[in-house]
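Visitor: So here's query.cif, just mmCIF, C-alpha atoms:
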data_start
#
loop_
_atom_site.label_atom_id
_atom_site.label_comp_id
_atom_site.auth_asym_id
_atom_site.auth_seq_id
_atom_site.Cartn_x
_atom_site.Cartn_y
_atom_site.Cartn_z
CA PHE Q 1442 -24.96 -12.28 -8.98
CA LEU Q 1443 -21.42 -11.64 -10.22
CA SER Q 1444 -22.66 -10.79 -13.70
CA GLN Q 1445 -25.16 -8.32 -12.25
CA GLU Q 1446 -22.34 -6.54 -10.35
CA VAL Q 1447 -20.26 -6.35 -13.55
CA ASP Q 1448 -23.23 -4.92 -15.48
CA LEU Q 1449 -23.76 -2.27 -12.81
CA ASP Q 1450 -20.10 -1.29 -12.81
CA GLU Q 1451 -20.13 -1.00 -16.60
CA ARG Q 1452 -23.30 1.04 -16.57
CA PHE Q 1453 -22.15 3.43 -13.85
CA GLY Q 1454 -18.61 3.60 -15.23
CA GLU Q 1455 -19.77 5.26 -18.43
CA LEU Q 1456 -18.48 8.59 -17.10
CA ASP Q 1457 -14.92 7.31 -17.62
CA LEU Q 1458 -15.58 6.68 -21.31
CA ARG Q 1459 -16.77 10.18 -22.15
CA ASN Q 1460 -14.60 12.34 -24.36
CA ASP Q 1461 -14.17 16.11 -24.03
CA SER Q 1462 -17.16 16.83 -26.25
CA ASP Q 1463 -19.46 14.99 -23.82
CA ILE Q 1464 -18.61 17.18 -20.84
CA PRO Q 1465 -21.62 19.30 -19.82
CA ASP Q 1466 -21.43 22.95 -20.81
CA VAL Q 1467 -20.77 25.53 -18.13
CA PRO Q 1468 -23.31 28.38 -18.25
CA PRO Q 1469 -21.68 31.41 -19.96
CA SER Q 1470 -20.53 34.23 -17.68
CA THR Q 1471 -22.40 37.52 -17.80
CA ASP Q 1472 -20.96 40.87 -18.86
CA SER Q 1473 -20.16 42.75 -15.64
CA THR Q 1474 -18.88 45.93 -17.31
CA PRO Q 1475 -20.26 49.03 -15.51
CA GLU Q 1476 -23.01 50.79 -17.47
CA ILE Q 1477 -21.10 54.09 -17.42
CA LEU Q 1478 -18.20 52.45 -19.29
CA LYS Q 1479 -20.56 50.77 -21.76
CA ARG Q 1480 -22.15 54.11 -22.63
CA ALA Q 1481 -18.80 55.94 -22.87
CA LEU Q 1482 -17.33 53.33 -25.23
CA SER Q 1483 -20.48 52.48 -27.18
CA GLY Q 1484 -19.17 54.02 -30.43
CA LEU Q 1485 -16.02 51.87 -30.57
CA SER Q 1486 -15.47 48.52 -32.22
CA ALA Q 1487 -15.47 45.42 -29.99
CA ARG Q 1488 -11.65 45.19 -30.26
CA TRP Q 1489 -10.99 48.76 -29.11
CA LYS Q 1490 -13.78 48.65 -26.55
CA ASN Q 1491 -12.08 45.64 -24.90
CA TRP Q 1492 -8.74 47.49 -25.07
CA TRP Q 1493 -10.09 50.49 -23.18
CA ILE Q 1494 -11.97 48.43 -20.61
CA ARG Q 1495 -8.88 46.31 -19.89
CA GLY Q 1496 -6.69 49.42 -19.70
CA ILE Q 1497 -8.94 51.36 -17.32
CA LEU Q 1498 -9.48 48.39 -15.01
CA THR Q 1499 -5.74 47.57 -15.06
CA LEU Q 1500 -4.86 51.10 -13.92
CA ALA Q 1501 -7.52 50.87 -11.19
CA MET Q 1502 -6.11 47.54 -9.93
CA ILE Q 1503 -2.52 48.83 -9.97
CA SER Q 1504 -3.59 51.92 -8.00
CA MET Q 1505 -5.34 49.73 -5.43
CA PHE Q 1506 -2.22 47.54 -5.21
CA PHE Q 1507 -0.02 50.58 -4.45
CA LEU Q 1508 -2.45 51.67 -1.75
CA ILE Q 1509 -2.26 48.25 -0.08
CA ILE Q 1510 1.56 48.34 -0.25
CA TYR Q 1511 1.42 51.69 1.54
CA LEU Q 1512 -0.79 50.19 4.26
CA GLY Q 1513 1.91 47.63 5.07
CA SER Q 1514 2.79 43.95 5.23
CA PHE Q 1515 -0.26 42.82 7.17
CA MET Q 1516 -2.64 44.22 4.54
CA LEU Q 1517 -0.61 42.51 1.83
CA MET Q 1518 -1.04 39.18 3.66
CA LEU Q 1519 -4.79 39.76 3.88
CA LEU Q 1520 -4.81 40.55 0.16
CA VAL Q 1521 -3.02 37.27 -0.63
CA LEU Q 1522 -5.47 35.34 1.54
CA SER Q 1523 -8.46 37.03 -0.13
CA ILE Q 1524 -7.13 36.27 -3.61
CA GLN Q 1525 -6.49 32.66 -2.60
CA VAL Q 1526 -10.08 32.18 -1.36
CA LYS Q 1527 -11.53 33.83 -4.48
CA CYS Q 1528 -9.39 31.70 -6.84
CA PHE Q 1529 -10.43 28.57 -4.96
CA HIS Q 1530 -14.08 29.62 -5.21
CA GLU Q 1531 -13.82 30.18 -8.98
CA ILE Q 1532 -12.26 26.78 -9.70
CA ILE Q 1533 -14.59 24.86 -7.38
CA THR Q 1534 -17.61 26.67 -8.87
CA ILE Q 1535 -16.65 25.45 -12.34
CA GLY Q 1536 -16.68 21.87 -11.04
CA TYR Q 1537 -20.01 22.42 -9.37
CA ARG Q 1538 -21.55 23.96 -12.50
CA VAL Q 1539 -20.33 21.10 -14.67
CA TYR Q 1540 -21.47 18.29 -12.39
CA HIS Q 1541 -24.31 19.83 -10.33
CA SER Q 1542 -26.90 17.77 -12.26
CA TYR Q 1543 -25.48 14.63 -10.62
CA ASP Q 1544 -26.41 15.95 -7.16
CA LEU Q 1545 -23.15 14.90 -5.49
CA PRO Q 1546 -23.69 14.89 -1.70
CA TRP Q 1547 -21.58 17.30 0.36
CA PHE Q 1548 -19.31 18.26 -2.56
CA ARG Q 1549 -19.21 22.02 -1.97
CA SER Q 1550 -19.36 21.73 1.84
CA LEU Q 1551 -16.42 19.32 1.93
CA SER Q 1552 -14.45 21.44 -0.55
CA TRP Q 1553 -14.68 24.49 1.73
CA TYR Q 1554 -13.99 22.36 4.79
CA PHE Q 1555 -10.74 21.09 3.23
CA LEU Q 1556 -9.83 24.69 2.36
CA LEU Q 1557 -10.18 25.67 6.04
CA CYS Q 1558 -8.13 22.64 7.16
CA VAL Q 1559 -5.25 23.34 4.79
CA ASN Q 1560 -5.22 27.05 5.64
CA TYR Q 1561 -5.24 26.19 9.35
CA PHE Q 1562 -2.18 23.99 8.81
CA PHE Q 1563 -0.14 26.46 6.71
CA TYR Q 1564 -0.97 29.61 8.66
CA GLY Q 1565 -0.36 27.75 11.92
CA GLU Q 1566 3.12 26.90 10.65
CA THR Q 1567 3.66 30.58 9.84
CA VAL Q 1568 2.56 31.67 13.33
CA ALA Q 1569 4.91 29.11 14.90
CA ASP Q 1570 7.84 30.34 12.79
CA TYR Q 1571 7.41 34.11 12.91
CA PHE Q 1572 5.33 34.86 16.02
CA ALA Q 1573 7.18 32.75 18.61
CA THR Q 1574 7.50 35.52 21.21
CA PHE Q 1575 3.82 36.44 20.84
CA VAL Q 1576 2.79 32.80 21.29
CA GLN Q 1577 5.03 32.42 24.34
CA ARG Q 1578 2.90 34.94 26.28
CA ARG Q 1579 -0.40 33.11 25.72
CA GLU Q 1580 -0.96 29.66 27.18
CA GLN Q 1581 -3.88 28.80 24.89
CA LEU Q 1582 -1.77 29.48 21.81
CA GLN Q 1583 1.12 27.45 23.23
CA PHE Q 1584 -1.14 24.40 23.35
CA LEU Q 1585 -2.38 24.97 19.79
CA ILE Q 1586 1.15 25.46 18.43
CA ARG Q 1587 2.61 22.49 20.32
CA TYR Q 1588 0.00 20.10 18.91
CA HIS Q 1589 -0.60 22.04 15.71
CA ARG Q 1590 0.26 19.28 13.25
CA PHE Q 1591 -1.70 16.67 15.16
CA ILE Q 1592 -4.77 18.95 15.27
CA SER Q 1593 -4.40 19.71 11.54
CA PHE Q 1594 -4.17 16.01 10.72
CA ALA Q 1595 -7.19 15.22 12.90
CA LEU Q 1596 -9.23 17.92 11.15
CA TYR Q 1597 -8.25 16.56 7.75
CA LEU Q 1598 -9.10 13.00 8.81
CA ALA Q 1599 -12.58 14.16 9.84
CA GLY Q 1600 -13.12 15.56 6.33
CA PHE Q 1601 -11.71 12.40 4.77
CA CYS Q 1602 -14.12 10.24 6.77
CA MET Q 1603 -17.03 12.50 5.82
CA PHE Q 1604 -16.11 12.06 2.16
CA VAL Q 1605 -16.04 8.26 2.48
CA LEU Q 1606 -19.43 8.31 4.22
CA SER Q 1607 -20.86 10.46 1.44
CA LEU Q 1608 -19.99 7.98 -1.33
CA VAL Q 1609 -23.00 6.89 -3.39
CA LYS Q 1610 -22.70 3.71 -5.42
CA LYS Q 1611 -23.89 5.11 -8.72
CA HIS Q 1612 -21.51 8.09 -8.45
CA TYR Q 1613 -18.31 6.47 -7.10
CA ARG Q 1614 -16.06 7.46 -9.99
CA LEU Q 1615 -17.44 10.95 -10.33
CA GLN Q 1616 -17.09 11.58 -6.59
CA PHE Q 1617 -13.45 10.53 -6.69
CA TYR Q 1618 -12.95 12.83 -9.69
CA MET Q 1619 -14.27 15.72 -7.64
CA PHE Q 1620 -12.23 14.69 -4.58
CA ALA Q 1621 -9.12 14.90 -6.76
CA TRP Q 1622 -10.40 18.19 -8.25
CA THR Q 1623 -10.64 19.73 -4.78
CA HIS Q 1624 -7.14 18.58 -3.76
CA VAL Q 1625 -5.48 19.79 -6.96
CA THR Q 1626 -7.24 23.14 -6.48
CA LEU Q 1627 -5.88 23.30 -2.92
CA LEU Q 1628 -2.40 22.53 -4.25
CA ILE Q 1629 -2.65 25.32 -6.84
CA THR Q 1630 -4.13 27.99 -4.57
CA VAL Q 1631 -3.34 27.42 -0.89
CA THR Q 1632 0.18 26.01 -1.21
CA GLN Q 1633 1.26 28.73 -3.60
CA SER Q 1634 -0.28 31.57 -1.57
CA HIS Q 1635 1.56 30.21 1.48
CA LEU Q 1636 4.81 30.48 -0.49
CA VAL Q 1637 3.93 34.06 -1.49
CA ILE Q 1638 3.64 34.98 2.20
CA GLN Q 1639 6.91 33.18 2.99
CA ASN Q 1640 8.58 35.26 0.27
CA LEU Q 1641 7.08 38.41 1.78
CA PHE Q 1642 8.67 37.65 5.16
CA GLU Q 1643 12.08 37.58 3.44
CA GLY Q 1644 11.57 41.23 2.53
CA MET Q 1645 8.89 43.08 0.62
CA ILE Q 1646 11.19 43.36 -2.40
CA TRP Q 1647 10.97 39.56 -2.86
CA PHE Q 1648 7.21 39.97 -3.02
CA LEU Q 1649 6.96 43.10 -5.17
CA VAL Q 1650 9.55 42.46 -7.88
CA PRO Q 1651 8.26 38.99 -8.90
CA ILE Q 1652 4.59 40.02 -8.81
CA SER Q 1653 5.27 43.29 -10.65
CA SER Q 1654 7.36 41.46 -13.25
CA VAL Q 1655 4.48 39.11 -14.05
CA ILE Q 1656 2.07 42.07 -14.25
CA CYS Q 1657 4.51 44.00 -16.46
CA ASN Q 1658 4.96 41.00 -18.76
CA ASP Q 1659 1.20 40.51 -18.99
CA ILE Q 1660 0.62 44.17 -19.92
CA THR Q 1661 3.54 44.62 -22.34
CA ALA Q 1662 2.95 41.27 -24.06
CA TYR Q 1663 -0.69 42.32 -24.59
CA ILE Q 1664 0.38 45.74 -25.96
CA PHE Q 1665 3.03 44.33 -28.32
CA GLY Q 1666 0.65 41.58 -29.43
CA PHE Q 1667 -2.23 44.05 -29.92
CA PHE Q 1668 -0.25 46.42 -32.17
CA PHE Q 1669 2.38 44.18 -33.78
CA GLY Q 1670 1.12 40.62 -33.30
CA ARG Q 1671 1.08 38.55 -36.50
CA THR Q 1672 2.56 35.15 -35.66
CA PRO Q 1673 0.52 32.80 -33.40
CA LEU Q 1674 2.50 31.48 -30.42
CA ILE Q 1675 0.51 28.50 -29.15
CA LYS Q 1676 -2.75 26.84 -30.17
CA LEU Q 1677 -4.04 26.73 -26.58
CA SER Q 1678 -4.19 30.53 -26.55
CA PRO Q 1679 -4.83 31.82 -30.12
CA LYS Q 1680 -4.52 35.51 -29.18
CA LYS Q 1681 -0.93 35.05 -27.92
CA THR Q 1682 1.72 35.93 -30.51
CA TRP Q 1683 5.48 35.62 -30.84
CA GLU Q 1684 5.74 39.41 -31.18
CA GLY Q 1685 3.95 39.87 -27.86
CA PHE Q 1686 6.00 37.12 -26.18
CA ILE Q 1687 9.37 38.57 -27.27
CA GLY Q 1688 8.36 42.20 -26.65
CA GLY Q 1689 7.07 41.25 -23.21
CA PHE Q 1690 10.35 39.50 -22.36
CA PHE Q 1691 12.65 42.46 -23.11
CA SER Q 1692 10.26 44.96 -21.50
CA THR Q 1693 9.99 42.87 -18.33
CA VAL Q 1694 13.76 42.45 -17.92
CA VAL Q 1695 14.31 46.21 -18.29
CA PHE Q 1696 11.42 46.98 -15.94
CA GLY Q 1697 12.63 44.50 -13.28
CA PHE Q 1698 16.17 45.90 -13.40
CA ILE Q 1699 15.04 49.53 -12.98
CA PHE Q 1700 12.28 48.79 -10.45
CA SER Q 1701 14.76 46.82 -8.30
CA TYR Q 1702 17.15 49.77 -8.32
CA PHE Q 1703 14.54 52.05 -6.74
CA LEU Q 1704 13.26 49.51 -4.21
CA ALA Q 1705 16.76 48.51 -3.06
CA GLN Q 1706 17.36 52.04 -1.75
CA HIS Q 1707 14.70 51.77 0.97
CA GLN Q 1708 14.78 49.71 4.18
CA TYR Q 1709 11.00 49.39 4.06
CA PHE Q 1710 11.30 47.14 1.01
CA VAL Q 1711 14.57 45.26 1.61
CA CYS Q 1712 14.42 44.35 5.31
CA PRO Q 1713 12.82 41.05 6.40
CA VAL Q 1714 9.31 41.52 7.77
CA GLU Q 1715 9.34 40.76 11.52
CA TYR Q 1716 6.68 40.88 14.19
CA ASN Q 1717 7.46 43.12 17.17
CA SER Q 1718 5.68 41.65 20.19
CA GLU Q 1719 6.17 44.84 22.24
CA THR Q 1720 4.36 47.11 19.79
CA ASN Q 1721 2.16 44.35 18.27
CA ARG Q 1722 3.17 45.52 14.80
CA PHE Q 1723 5.16 44.30 11.84
CA VAL Q 1724 8.48 46.10 11.48
CA THR Q 1725 10.90 46.40 8.57
CA GLU Q 1726 14.03 47.85 10.14
CA CYS Q 1727 17.51 46.37 9.75
CA GLU Q 1728 21.00 46.88 8.46
CA PRO Q 1729 20.60 46.05 4.74
CA SER Q 1730 22.43 42.90 3.66
CA GLU Q 1731 25.15 42.79 1.00
CA LEU Q 1732 22.47 42.27 -1.66
CA PHE Q 1733 21.24 45.81 -1.09
CA ARG Q 1734 24.53 47.69 -0.85
CA MET Q 1735 25.85 49.51 -3.90
CA LYS Q 1736 28.87 47.81 -5.52
CA LYS Q 1737 31.14 48.58 -8.43
CA TYR Q 1738 31.18 46.03 -11.27
CA SER Q 1739 33.60 45.89 -14.18
CA VAL Q 1740 31.96 46.04 -17.60
CA PRO Q 1741 32.98 43.14 -19.91
CA PRO Q 1742 35.48 44.30 -22.60
CA LEU Q 1743 32.98 43.54 -25.37
CA LEU Q 1744 30.41 45.91 -23.89
CA GLN Q 1745 32.97 48.60 -23.01
CA ALA Q 1746 33.33 49.47 -26.69
CA VAL Q 1747 29.54 49.83 -27.06
CA LEU Q 1748 28.72 51.60 -23.78
CA GLY Q 1749 31.96 53.51 -23.27
CA TRP Q 1750 31.97 52.53 -19.56
CA GLU Q 1751 34.68 50.60 -17.76
CA SER Q 1752 32.61 50.01 -14.62
CA VAL Q 1753 29.08 50.49 -13.29
CA ASN Q 1754 27.65 50.94 -9.81
CA MET Q 1755 24.61 48.81 -9.03
CA TYR Q 1756 22.97 46.73 -6.33
CA PRO Q 1757 23.72 42.97 -6.39
CA PHE Q 1758 19.96 42.36 -6.15
CA GLN Q 1759 19.58 43.85 -9.62
CA MET Q 1760 21.43 40.83 -11.01
CA HIS Q 1761 18.91 38.58 -9.27
CA SER Q 1762 16.08 40.68 -10.68
CA ILE Q 1763 17.19 39.65 -14.19
CA ALA Q 1764 16.69 35.98 -13.23
CA LEU Q 1765 13.28 36.75 -11.71
CA ALA Q 1766 12.16 38.80 -14.73
CA THR Q 1767 13.41 36.14 -17.15
CA PHE Q 1768 11.35 33.46 -15.40
CA ALA Q 1769 8.32 35.77 -15.24
CA SER Q 1770 8.43 36.41 -18.99
CA LEU Q 1771 9.61 33.06 -20.41
CA ILE Q 1772 8.24 30.42 -18.01
CA GLY Q 1773 5.51 32.32 -16.17
CA PRO Q 1774 3.23 32.51 -19.24
CA PHE Q 1775 3.02 28.72 -19.25
CA GLY Q 1776 0.88 29.06 -16.13
CA GLY Q 1777 -1.48 31.07 -18.34
CA PHE Q 1778 -1.31 28.46 -21.11
CA PHE Q 1779 -2.13 25.76 -18.56
CA ALA Q 1780 -5.15 27.80 -17.46
CA SER Q 1781 -6.18 28.25 -21.11
CA GLY Q 1782 -6.09 24.48 -21.62
CA PHE Q 1783 -8.18 24.01 -18.49
CA LYS Q 1784 -10.79 26.50 -19.69
CA ARG Q 1785 -10.93 24.93 -23.14
CA ALA Q 1786 -11.48 21.53 -21.56
CA PHE Q 1787 -14.63 22.88 -19.91
CA LYS Q 1788 -15.70 25.15 -22.78
CA ILE Q 1789 -15.45 28.41 -20.87
CA LYS Q 1790 -13.91 31.74 -21.83
CA ASP Q 1791 -12.97 32.92 -18.32
CA PHE Q 1792 -12.92 31.49 -14.81
CA ALA Q 1793 -15.49 34.11 -13.74
CA ASP Q 1794 -16.68 37.61 -14.60
CA THR Q 1795 -15.34 39.38 -11.50
CA ILE Q 1796 -13.23 41.96 -13.39
CA PRO Q 1797 -14.72 43.41 -16.60
CA GLY Q 1798 -12.43 42.86 -19.58
CA HIS Q 1799 -10.19 40.54 -17.58
CA GLY Q 1800 -12.44 37.69 -16.42
CA GLY Q 1801 -12.03 36.20 -12.96
CA ILE Q 1802 -9.36 36.69 -10.32
CA MET Q 1803 -7.82 33.37 -11.38
CA ASP Q 1804 -7.49 34.69 -14.95
CA ARG Q 1805 -5.20 37.41 -13.63
CA PHE Q 1806 -3.20 35.28 -11.20
CA ASP Q 1807 -2.70 32.06 -13.16
CA CYS Q 1808 0.96 33.00 -13.80
CA GLN Q 1809 1.57 34.37 -10.31
CA TYR Q 1810 1.26 30.98 -8.59
CA LEU Q 1811 4.01 29.44 -10.74
CA MET Q 1812 6.16 32.50 -10.03
CA ALA Q 1813 5.66 32.15 -6.26
CA THR Q 1814 7.11 28.64 -6.26
CA PHE Q 1815 10.11 29.71 -8.33
CA VAL Q 1816 10.91 32.65 -6.04
CA HIS Q 1817 10.69 30.46 -2.93
CA VAL Q 1818 13.00 27.84 -4.47
CA TYR Q 1819 15.34 30.59 -5.70
CA ILE Q 1820 15.61 32.16 -2.23
CA THR Q 1821 16.22 28.86 -0.45
CA SER Q 1822 18.76 27.73 -3.08
CA PHE Q 1823 20.78 30.89 -3.74
CA ILE Q 1824 19.97 33.56 -1.15
CA ARG Q 1825 18.92 32.42 2.30
CA GLY Q 1826 21.56 31.57 4.89
CA PRO Q 1827 21.32 30.83 8.63
CA ASN Q 1828 18.89 33.20 10.34
CA PRO Q 1829 20.19 34.23 13.83
CA SER Q 1830 17.00 36.17 14.60
CA LYS Q 1831 14.78 33.15 13.95
CA LEU Q 1832 17.10 30.89 15.96
CA LEU Q 1833 17.03 33.32 18.90
CA LYS Q 1834 13.22 33.32 18.89
CA GLN Q 1835 13.21 29.52 19.07
CA LEU Q 1836 15.69 29.59 21.98
CA LEU Q 1837 13.54 32.04 23.91
CA ILE Q 1838 10.56 29.68 23.98
CA LEU Q 1839 12.59 26.81 25.49
CA GLN Q 1840 12.35 25.89 29.16
CA PRO Q 1841 15.02 27.50 31.44
CA ASP Q 1842 16.92 24.23 31.93
CA GLN Q 1843 16.96 23.68 28.14
CA GLN Q 1844 18.26 27.21 27.62
CA LEU Q 1845 21.05 26.55 30.14
CA ASP Q 1846 22.02 23.36 28.30
CA VAL Q 1847 22.23 25.28 25.04
CA TYR Q 1848 24.29 28.01 26.73
CA LYS Q 1849 26.77 25.48 28.21
CA THR Q 1850 27.10 23.63 24.89
CA LEU Q 1851 27.65 26.86 22.97
CA LYS Q 1852 30.17 28.13 25.57
CA SER Q 1853 32.10 24.84 25.43
CA HIS Q 1854 32.15 25.02 21.62
CA LEU Q 1855 33.45 28.62 21.63
CA VAL Q 1856 36.16 27.74 24.17
CA GLU Q 1857 37.32 24.83 21.98
CA LYS Q 1858 37.56 27.14 18.98
CA GLY Q 1859 39.60 29.67 21.02
CA ILE Q 1860 36.98 32.41 20.75
CA LEU Q 1861 36.41 32.44 24.54
CA GLN Q 1862 38.98 31.98 27.30
CA PRO Q 1863 38.47 28.87 29.50
CA SER Q 1864 38.49 31.03 32.62
CA LEU Q 1865 35.68 33.26 31.32
CA ARG Q 1866 32.60 33.01 33.55
CA GLY Q 1867 29.02 33.22 32.20
#
In structure tokens, write the structure found in this file.
Guide:
Amino acid sequence: FLSQEVDLDERFGELDLRNDSDIPDVPPSTDSTPEILKRALSGLSARWKNWWIRGILTLAMISMFFLIIYLGSFMLMLLVLSIQVKCFHEIITIGYRVYHSYDLPWFRSLSWYFLLCVNYFFYGETVADYFATFVQRREQLQFLIRYHRFISFALYLAGFCMFVLSLVKKHYRLQFYMFAWTHVTLLITVTQSHLVIQNLFEGMIWFLVPISSVICNDITAYIFGFFFGRTPLIKLSPKKTWEGFIGGFFSTVVFGFIFSYFLAQHQYFVCPVEYNSETNRFVTECEPSELFRMKKYSVPPLLQAVLGWESVNMYPFQMHSIALATFASLIGPFGGFFASGFKRAFKIKDFADTIPGHGGIMDRFDCQYLMATFVHVYITSFIRGPNPSKLLKQLLILQPDQQLDVYKTLKSHLVEKGILQPSLRG
């Protein structure tokens, strides 16, 4: 009996022994280029045809992005959520295409269920943090927010139990592969998109400069590589060249510095995004912080001889933009290289064919997710301080007796420090 079990395990464990060449091919994506563009560019070589298609679609996407910025913070959040869902769909679809012949029970259903669970958890945390006064007025929401983490955990446990119940003996290993696939996909898409929205709440400038820097680097690296590229950069992505990498770096730093200068002049971009419960709208009105107030800086003696300037006036945020642009151009591309390795592992050119000349949504945002994490860590490490507005919102949702306790403790503390007189009455 024991020997039979061992034989079965060896037979059904053959999936573990396969090398990359044994992985089933993913069906090639179709050409989704509009017919009008195909006819207009029919006389060009494949190289130039791809150039024009990429260029036209890039301009169209940038125009759409500016329109959404004009529509406000809420539309930007919906855009991030839409991109997250589409990226998740593209990665999960690759797994399904590769392994659909094994007829894994509940794979796609459970994948989407876990996506809903994780989004419920992260967006619930956001509502609790930034919509406290709105929640306070609605009893049903108070219950959901109070037990939010317990509800999220219970929902996840239900999915976990469904996965265990779906296990089929002859597909154990493969099912656990796909379980891990789903969770890594959630980590890449949902967690990072949550950080993007957290960055947006710090001020639209922390959303726009990093994202625009990655886009700028992607475009300029492609242009420099297209016209001057001679030296291959990395084997994972044969079309990437050192000329494109270096040209993209300098272009992105200059772009980030100038773009930050223009954004820093407007409250709409620099003020934290806050929800106004009276008007039921997001507002971006504040007294700009020190980061967004013009300051005079002395030019280093070495540069004075070259520039002929002893001092320059600039916004402190422009210095931070150099750090953001440097990461976007030097480290950000490694997100793209990682995606290239992933696609090579499964013998596919693009994640999908959503955008002609570009591939899928994930092909365009593979670097953005890495950037989102960096910006969040950068803000929490070097920028963010205590937030009185957020603290006040938390105090307002306390019970009256708890608020009185806080008031008495704070008054006692201020008296001890000599800020208030002992005889002062509240």
Visitor: For the point (8.0, 39.7, 2.5) in the file's frame, write as a ChimeraX atom specification all residues with an atom no more than 12 Å away, counting all atoms listed in the file.
Guide: /Q:1510,1513-1518,1521,1571,1635-1652,1709-1716,1723-1725,1813,1816-1817,1820
Visitor: Which residues of segment 1633-1735 of chain Q sit at most 8 Å from segment 1760-1773 of chain Q, using all atoms listed in the file? Give each one's shortest atom pair and distance in Å (one decimal place), in chain and ascending residue order, as a tab-separated table.
Guide:
residue	atom	partner	partner_atom	distance
Q:Val1650	CA	Q:Ser1762	CA	7.3
Q:Pro1651	CA	Q:Leu1765	CA	6.2
Q:Ser1654	CA	Q:Ala1766	CA	5.7
Q:Val1655	CA	Q:Ala1769	CA	5.2
Q:Asn1658	CA	Q:Ser1770	CA	5.8
Q:Phe1686	CA	Q:Ser1770	CA	7.6
Q:Gly1689	CA	Q:Ser1770	CA	6.6
Q:Phe1690	CA	Q:Ser1770	CA	5.0
Q:Thr1693	CA	Q:Ala1766	CA	5.9
Q:Val1694	CA	Q:Ala1766	CA	5.1
Q:Gly1697	CA	Q:Ser1762	CA	5.8
Q:Phe1698	CA	Q:Ser1762	CA	5.9
Q:Ser1701	CA	Q:Ser1762	CA	6.7
Visitor: Nearest to Tyr1537 of chain Q among Q:Ile1629, Q:Phe1787, Q:Arg1734, Q:Met1755, with distances taken over all atoms listed in the file: which residue is it?
Guide: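 The closest residue to Tyr1537 of chain Q is Q:Phe1787.
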Visitor: Would you kindly translate the PyMOL selection byres ((chain Q and resi 1674-1679) around 12) into the concrete residues it picks from this file, as a PyMOL selection string?
Guide: chain Q and resi 1662+1666+1670-1673+1680-1687+1774-1786+1790
Visitor: Take atom CA of Leu1596 of chain Q and atom CA of Thr1623 of chain Q and report the distance between them in Å, one decimal.
Guide: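 Computing it gives 16.1 Å between the two atoms.
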Visitor: I want to know what sits within 12 Å of Asp1544 of chain Q, based on all atoms listed in the file, with residues of the same chain fewer than 2 positions away left out; could you give that as a short mmCIF file (atom, residue, chain, number, x, y, z; two decimals) with C-alpha atoms, in the frame of the given file?
Guide:
data_model
loop_
_atom_site.label_atom_id
_atom_site.label_comp_id
_atom_site.auth_asym_id
_atom_site.auth_seq_id
_atom_site.Cartn_x
_atom_site.Cartn_y
_atom_site.Cartn_z
CA TYR Q 1537 -20.01 22.42 -9.37
CA ARG Q 1538 -21.55 23.96 -12.50
CA VAL Q 1539 -20.33 21.10 -14.67
CA TYR Q 1540 -21.47 18.29 -12.39
CA HIS Q 1541 -24.31 19.83 -10.33
CA SER Q 1542 -26.90 17.77 -12.26
CA PRO Q 1546 -23.69 14.89 -1.70
CA TRP Q 1547 -21.58 17.30 0.36
CA PHE Q 1548 -19.31 18.26 -2.56
CA ARG Q 1549 -19.21 22.02 -1.97
CA SER Q 1607 -20.86 10.46 1.44
CA LEU Q 1608 -19.99 7.98 -1.33
CA VAL Q 1609 -23.00 6.89 -3.39
CA LYS Q 1611 -23.89 5.11 -8.72
CA HIS Q 1612 -21.51 8.09 -8.45
CA LEU Q 1615 -17.44 10.95 -10.33
CA GLN Q 1616 -17.09 11.58 -6.59
#
Visitor: What separation in Å, quoted to one decimal, exists between atom CA of Leu1556 of chain Q and atom CA of Phe1591 of chain Q?
Guide: 17.2 Å
Visitor: May I have the protein, DNA and RNA residues with an atom at most 7 Å from (-0.8, 29.8, -10.3), counting only C-alpha atoms in the file's coordinates, returned as a PyMOL selection string?
Guide: chain Q and resi 1629-1630+1776+1806-1811
Visitor: In terms of the shortest atom-to-atom distance over only C-alpha atoms, which of Q:Ile1509, Q:Leu1748, Q:Leu1520, Q:Cys1528 is closest to Gly1800 of chain Q?
Guide: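 Ranking Q:Ile1509, Q:Leu1748, Q:Leu1520, Q:Cys1528 by distance to Gly1800 of chain Q, first place goes to Q:Cys1528.
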Visitor: Return as a PyMOL selection string the set of residues that the PyMOL selection byres ((chain Q and resi 1555) around 12) yields on the displayed structure.
Guide: chain Q and resi 1529+1533+1547-1554+1556-1562+1593-1604+1620-1628+1631
Visitor: Expressed in Å to a single decimal, how great is the separation between atom CA of Arg1579 of chain Q and atom CA of Phe1563 of chain Q?
Guide: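 Spanning atom CA of Arg1579 of chain Q to atom CA of Phe1563 of chain Q is a straight-line distance of 20.1 Å.
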Visitor: For Ser1634 of chain Q, which residue among Q:Thr1661, Q:Thr1814, Q:Asn1721, Q:Thr1534 is the nearest when counting all atoms listed in the file?
Guide: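 For Ser1634 of chain Q, the nearest of the given residues is Q:Thr1814.
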